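S.K.: Okay, here's the structure, questions in a sec.
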Amino acid sequence: MINWKLLYDKFGRLNAAKKFEDLALDYVCDVYNEYTWKPTQRTRDGNRDFHNLEEDLLKIWGEAKYKKDSISLTRKDLDPTILSGLIDGHVELIIFVTNGKIPEELISRMTLGANMKGIKLSFVTGKQLSDWLVLNPEKYKIYFGEELEIDNYKVEQLIEFRKISFYEPISLDFRPNFNKVCMNIEDTFILNCIFYNSQPGNCSIELEDDAPLSFIKSDKYENPESFFVKPGLNSVSFLIRAMKEYNKVLRITLVCDHNKYHCISEKLVIKRNKQLNIYYFKQINILSGIKTVLDYFDNTIGNYAFFIHGNSGMGKSYILKSLSLDYCLNNDLTLVTFESEEKTGTF
């Protein structure tokens, strides 16, 4: 492996970080060569180090994070870029390049948060950068100031299916989606898969024949039948519906270039919902009216506020839940709750 501390020892903290930013840009120019890239300014960079040109179809940001001892990144290393992308509203992909490690829990959290606005994330870590430098020793000499001397290092195809998780489809108050291992039949939720691959490839996700789940097709989530991944840590999400009762672990298969890799979930409990739901015509009528306005909403003239009021038990919660499911799943809405300090009730 590459000795990343050498950058710090030879050039100092600030210059090491600058060299790593340049190396990261060089890497994406090569691996993501379908786009044209340019660096941002060194200071006040908008929480990104490089981005593609405006004439490209996608708006992509890149952020480089150098760690002298190749330690793990933390939330403060990554959250500012995610938040800036959410505020921008038009970013479609963010590429994080680091010689450090990224904890799986942090990857899942960022993926679900970015997905509120349909932003995809890609993670390039030390393994991919080391492979790239071995294959391009002239690049190593440019950034490290010496010849690359390494023996018995093989660049091989490596895939590790590391983790699968299930999450609530709705994020409340801009918090991370809750991990969901107990659900009812007909519930909709998010399946998140984290896997490492050293080479690009075409992939798919397969369920067992007797699996209690089915995929839901959505333009806002990956197609389980076919998706393409770049080298690095990949976090992909799919919409899933619970179909039948279940009470054990679940095996999910990742297929990459005709090779299969398996991962086992936590114990998954699916129950039959025995609660009787009663709907009123007035509920459905109000819900239909709000959806009509939202679907034909012209955001150039401002924003709308809807106030739903009624006696307790009249179905206000049903209307809000229906709206949140329909629009949160399409990244069109973030649900925020407000609670009154008075004794008059909760809003």
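We name chains A, B, ... following the order of the structure tokens; residues begin at 1 in each chain, and ligands are numbered from 1 as shown.
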Need to verify the contact set: range 220-235 of chain A, 6 Å, only C-alpha atoms, exclusion of same-chain residues closer than 3 positions in sequence. Can you return it as a tab-separated table (two decimals) with N, CA and C atoms, in the first residue's frame?

M.R.:
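selection_10.tsv, freshly written:
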chain	number	residue	atom	x	y	z
A	122	SER	N	-20.66	8.90	-3.94
A	122	SER	CA	-19.64	7.91	-4.29
A	122	SER	C	-18.43	8.16	-3.39
A	123	PHE	N	-17.81	7.07	-2.93
A	123	PHE	CA	-16.70	7.18	-1.98
A	123	PHE	C	-15.47	6.48	-2.54
A	124	VAL	N	-14.39	7.23	-2.69
A	124	VAL	CA	-13.11	6.70	-3.16
A	124	VAL	C	-12.15	6.72	-1.99
A	193	CYS	N	-27.78	-0.82	0.65
A	193	CYS	CA	-26.71	-1.81	0.52
A	193	CYS	C	-25.36	-1.08	0.41
A	194	ILE	N	-24.40	-1.52	1.20
A	194	ILE	CA	-23.05	-0.96	1.16
A	194	ILE	C	-22.09	-2.05	0.71
A	195	PHE	N	-21.33	-1.77	-0.35
A	195	PHE	CA	-20.35	-2.74	-0.81
A	195	PHE	C	-19.14	-2.02	-1.38
A	196	TYR	N	-18.03	-2.70	-1.30
A	196	TYR	CA	-16.77	-2.18	-1.83
A	196	TYR	C	-16.43	-2.93	-3.11
A	197	ASN	N	-16.03	-2.21	-4.14
A	197	ASN	CA	-15.55	-2.85	-5.36
A	197	ASN	C	-14.34	-2.11	-5.89
A	198	SER	N	-13.33	-2.87	-6.29
A	198	SER	CA	-12.08	-2.25	-6.73
A	198	SER	C	-12.08	-1.88	-8.21
A	199	GLN	N	-13.05	-2.39	-8.96
A	199	GLN	CA	-13.13	-2.11	-10.38
A	199	GLN	C	-14.56	-1.70	-10.74
A	200	PRO	N	-14.75	-0.92	-11.80
A	200	PRO	CA	-16.12	-0.57	-12.21
A	200	PRO	C	-16.84	-1.82	-12.72
A	201	GLY	N	-18.16	-1.79	-12.65
A	201	GLY	CA	-18.90	-2.96	-13.13
A	201	GLY	C	-20.40	-2.74	-13.14
A	202	ASN	N	-21.09	-3.61	-13.86
A	202	ASN	CA	-22.54	-3.63	-13.90
A	202	ASN	C	-23.06	-4.57	-12.82
A	203	CYS	N	-24.00	-4.12	-12.04
A	203	CYS	CA	-24.46	-4.88	-10.88
A	203	CYS	C	-25.98	-4.99	-10.86
A	204	SER	N	-26.46	-5.92	-10.05
A	204	SER	CA	-27.88	-6.06	-9.77
A	204	SER	C	-28.03	-6.63	-8.37
A	205	ILE	N	-29.22	-6.50	-7.82
A	205	ILE	CA	-29.54	-7.03	-6.50
A	205	ILE	C	-30.64	-8.08	-6.65
A	238	PHE	N	-32.77	1.17	-2.48
A	238	PHE	CA	-33.90	0.68	-3.27
A	238	PHE	C	-35.18	0.81	-2.45

S.K.: Within 8 Å of Ile190 in chain A, counting only C-alpha atoms, which residues qualify if same-chain residues fewer than 6 places away don't, as a list in words?

M.R.: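 My reading of the contact set: Phe166, Tyr167, Glu168, Pro169, Ser237, Phe238, Leu239 and Ile240 of chain A.
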
S.K.: Could those selected residues go to a file with C-alpha atoms, as an mmCIF file, in the first residue's frame?

M.R.:
data_model
loop_
_atom_site.group_PDB
_atom_site.id
_atom_site.type_symbol
_atom_site.label_atom_id
_atom_site.label_comp_id
_atom_site.auth_asym_id
_atom_site.auth_seq_id
_atom_site.Cartn_x
_atom_site.Cartn_y
_atom_site.Cartn_z
ATOM 1 C CA PHE A 166 -33.691 -1.235 6.248
ATOM 2 C CA TYR A 167 -34.866 2.311 6.943
ATOM 3 C CA GLU A 168 -38.039 4.295 7.401
ATOM 4 C CA PRO A 169 -38.850 6.090 4.129
ATOM 5 C CA SER A 237 -30.740 2.385 -2.026
ATOM 6 C CA PHE A 238 -33.896 0.675 -3.265
ATOM 7 C CA LEU A 239 -37.580 0.981 -2.451
ATOM 8 C CA ILE A 240 -39.034 -2.197 -0.937
#

S.K.: By how many Å are CA of Ser218 in chain A and CA of Thr188 in chain A apart?

M.R.: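 Computing it gives 12.2 Å between the two atoms.
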
S.K.: Could you build a table of the residues in range 85-144 of chain A lying no more than 10 Å from range 46-65 of chain A, giving for each the nearest pair of atoms and their separation in Å rounded to one decimal place, using only C-alpha atoms, ordered by chain and ascending residue number, as CSV?

M.R.:
residue,atom,partner,partner_atom,distance
A:Gly85,CA,A:Trp61,CA,8.2
A:His90,CA,A:Lys59,CA,6.8
A:Val91,CA,A:Lys59,CA,5.0
A:Glu92,CA,A:Lys59,CA,5.6
A:Leu93,CA,A:Ile60,CA,4.8
A:Ile94,CA,A:Trp61,CA,4.8
A:Ile95,CA,A:Gly62,CA,4.6
A:Phe96,CA,A:Glu63,CA,5.0
A:Val97,CA,A:Ala64,CA,4.7
A:Thr98,CA,A:Lys65,CA,4.8
A:Asn99,CA,A:Lys65,CA,7.3
A:Gly100,CA,A:Lys65,CA,7.8
A:Ile119,CA,A:Ile60,CA,9.4
A:Lys120,CA,A:Ile60,CA,9.4
A:Leu121,CA,A:Trp61,CA,9.8
A:Ser122,CA,A:Gly62,CA,9.4
A:Phe123,CA,A:Glu63,CA,9.9
A:Val124,CA,A:Ala64,CA,9.4
A:Thr125,CA,A:Lys65,CA,9.8

S.K.: Write the residues of the preceding selection, restricted to C-alpha atoms, as a PDB file, in the first residue's frame.

M.R.:
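The resulting file, out31.pdb, is reproduced below:
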ATOM      1  CA  GLY A  85     -25.401  20.174  -1.835  1.00  0.00           C
ATOM      2  CA  HIS A  90     -29.341  20.991  -8.163  1.00  0.00           C
ATOM      3  CA  VAL A  91     -26.399  18.741  -7.271  1.00  0.00           C
ATOM      4  CA  GLU A  92     -26.939  15.167  -8.473  1.00  0.00           C
ATOM      5  CA  LEU A  93     -23.696  13.432  -7.443  1.00  0.00           C
ATOM      6  CA  ILE A  94     -21.024  14.093  -4.803  1.00  0.00           C
ATOM      7  CA  ILE A  95     -17.707  12.216  -4.951  1.00  0.00           C
ATOM      8  CA  PHE A  96     -15.677  11.991  -1.745  1.00  0.00           C
ATOM      9  CA  VAL A  97     -11.997  11.127  -2.232  1.00  0.00           C
ATOM     10  CA  THR A  98      -9.908  10.244   0.817  1.00  0.00           C
ATOM     11  CA  ASN A  99      -6.929   8.168   1.851  1.00  0.00           C
ATOM     12  CA  GLY A 100      -8.700   7.582   5.169  1.00  0.00           C
ATOM     13  CA  ILE A 119     -28.225  13.320  -4.512  1.00  0.00           C
ATOM     14  CA  LYS A 120     -26.120  10.212  -5.170  1.00  0.00           C
ATOM     15  CA  LEU A 121     -22.856   9.670  -3.288  1.00  0.00           C
ATOM     16  CA  SER A 122     -19.637   7.914  -4.290  1.00  0.00           C
ATOM     17  CA  PHE A 123     -16.703   7.181  -1.976  1.00  0.00           C
ATOM     18  CA  VAL A 124     -13.114   6.697  -3.164  1.00  0.00           C
ATOM     19  CA  THR A 125     -10.751   5.473  -0.442  1.00  0.00           C
TER      20      THR A 125
END

S.K.: Which residues are near Leu7 in chain A? Cut-off 8 Å, only C-alpha atoms, ignore same chain within fewer than 6 positions. Put them as a compact mmCIF listing (two decimals) with C-alpha atoms, in the first residue's frame.

M.R.:
# COMPACT_ATOMS: atom_id res chain seq x y z
CA ALA A 16 0.22 17.86 1.76
CA LYS A 19 -1.19 17.98 -3.18
CA LYS A 68 -1.95 11.97 7.59
CA PHE A 144 5.19 12.39 -3.91
